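Remarks on the structure that follows.
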Amino acid sequence: MTIMSPKIINILLVEDDEVDIMNVKRAFKRNNINNPLYIARDGEEALTMLRDKVVPFPKIAIIDINMPKMNGIELLKEIRKDEELKIISVFVLTTSNVDSDIIEAYNLNVAGYILKPLSFEKFVEAVSTLNNFWQLCE
């Protein structure tokens, strides 16, 4: 019987809020998620990092919708029309519960749309759910 070692899945977090970045890092640690996490502070920076191969290719991106320069929906549109990038599984993690944002995100094939919870414990639960999904996808 061969035991498969877990594959390294690189994750790109696209988030402009420092507190939310710290919460994601803390939630990863709390859930024992050791995947490499790369940070982009807005959609433009994320696209540059991806297209110029500044970071190892991420299988998963977690993006916020409300960001300066290029918001999450604009970034998602760019990712989906790029032949190399469109295979990235994208999760939206945002405070926006505007119906048009949710519908547009799902129309752009997001793997999930998660509203940012108010408490850190709820945040840890949300990240745990994401981790379970990623493991299933492996």
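Each chain in the structure tokens gets a letter, A, B, ..., in the order shown, and its residues are numbered from 1; ligands are numbered from 1 in order too.
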Residues within 9 Å of segment 47-51 of chain A, only C-alpha atoms, excluding chain neighbours under 5 positions, as number ranges by chain: A: 40, 42, 56-58, 75, 78-79, 84-85
Could you list, with a cut-off of 9 Å and counting only C-alpha atoms, the residues of segment 60-133 of chain A near segment 24-38 of chain A, each shown with its nearest atom pair and the distance in Å rounded to one decimal, rows sorted by chain and ascending number, as a Markdown table?
| residue | atom | partner | partner_atom | distance |
| --- | --- | --- | --- | --- |
| A:Phe120 | CA | A:Ala27 | CA | 8.0 |
| A:Glu121 | CA | A:Ala27 | CA | 8.5 |
| A:Phe123 | CA | A:Ala27 | CA | 6.9 |
| A:Val124 | CA | A:Ala27 | CA | 4.8 |
| A:Glu125 | CA | A:Ala27 | CA | 8.3 |
| A:Ala126 | CA | A:Ala27 | CA | 8.8 |
| A:Val127 | CA | A:Ala27 | CA | 6.4 |
| A:Ser128 | CA | A:Asn31 | CA | 6.1 |
| A:Asn131 | CA | A:Ile33 | CA | 7.4 |
message: When DSSP is applied to the backbone of this structure, which of segment 13-64 of chain A are assigned alpha helix (DSSP H)? Write them out as an MDAnalysis selection string.
response: chainID A and resid 18:30 43:51
field: Selection: 6 Å around Arg41 of chain A, only C-alpha atoms, excl. self and same-chain fewer than 6 positions, as a list in words
entry: Val14, Glu15 and Asp16 of chain A
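Closest approach to Lys59 of chain A among A:Val90, A:Val98, A:Ala105, A:Ala111 is made by A:Val90 (distances from only C-alpha atoms).
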message: Could you list, as a PyMOL selection string, every residue within 7 Å of Ala61 of chain A, counting only C-alpha atoms and ignoring same-chain residues fewer than 5 positions away?
response: chain A and resi 11-13+88-91
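Our summary of the geometry notes that atom CA of Asp20 of chain A is positioned 10.7 Å from atom CA of Thr95 of chain A.
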Extract the full set of strand (DSSP E) residues from chain A according to DSSP on the backbone, and format it as a PDB file with C-alpha atoms, in the first residue's frame.
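Contents of the output file result-v2.pdb:
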ATOM      1  CA  ILE A  11      -3.104  29.756  -2.436  1.00  0.00           C
ATOM      2  CA  LEU A  12      -3.356  33.384  -3.510  1.00  0.00           C
ATOM      3  CA  LEU A  13      -5.244  35.714  -1.180  1.00  0.00           C
ATOM      4  CA  VAL A  14      -6.345  38.959  -2.810  1.00  0.00           C
ATOM      5  CA  LEU A  37      -0.248  31.606   1.115  1.00  0.00           C
ATOM      6  CA  TYR A  38       0.650  34.504  -1.170  1.00  0.00           C
ATOM      7  CA  ILE A  39      -0.879  37.949  -0.720  1.00  0.00           C
ATOM      8  CA  ALA A  40      -1.921  40.545  -3.294  1.00  0.00           C
ATOM      9  CA  ILE A  60      -6.796  28.342  -5.411  1.00  0.00           C
ATOM     10  CA  ALA A  61      -7.460  32.063  -5.129  1.00  0.00           C
ATOM     11  CA  ILE A  62      -9.453  33.707  -2.370  1.00  0.00           C
ATOM     12  CA  ILE A  63     -10.573  37.159  -3.429  1.00  0.00           C
ATOM     13  CA  SER A  89     -10.458  27.636  -8.347  1.00  0.00           C
ATOM     14  CA  VAL A  90     -11.676  30.978  -7.035  1.00  0.00           C
ATOM     15  CA  PHE A  91     -13.480  31.573  -3.768  1.00  0.00           C
ATOM     16  CA  VAL A  92     -14.955  34.950  -2.922  1.00  0.00           C
ATOM     17  CA  LEU A  93     -14.538  36.010   0.715  1.00  0.00           C
ATOM     18  CA  THR A  94     -16.229  39.359   1.130  1.00  0.00           C
ATOM     19  CA  GLY A 112     -17.790  29.411  -3.432  1.00  0.00           C
ATOM     20  CA  TYR A 113     -19.062  32.749  -2.143  1.00  0.00           C
ATOM     21  CA  ILE A 114     -18.442  33.289   1.542  1.00  0.00           C
ATOM     22  CA  LEU A 115     -19.595  36.302   3.508  1.00  0.00           C
TER      23      LEU A 115
END
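Atom CA of Gly43 of chain A lies 7.0 Å from atom CA of Lys69 of chain A.
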query: For Ile87 of chain A, which residue out of A:Asp99, A:Val110, A:Met67, A:Gly72 is the nearest one, using only C-alpha atoms?
result: A:Val110
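Separating atom CA of Lys53 of chain A from atom CA of Met70 of chain A is a distance of 19.0 Å.
Ranking A:Ile65, A:Leu118, A:Leu130, A:Ile8 by their shortest atom-to-atom distance to Ser100 of chain A, with only C-alpha atoms included, puts A:Ile65 first.
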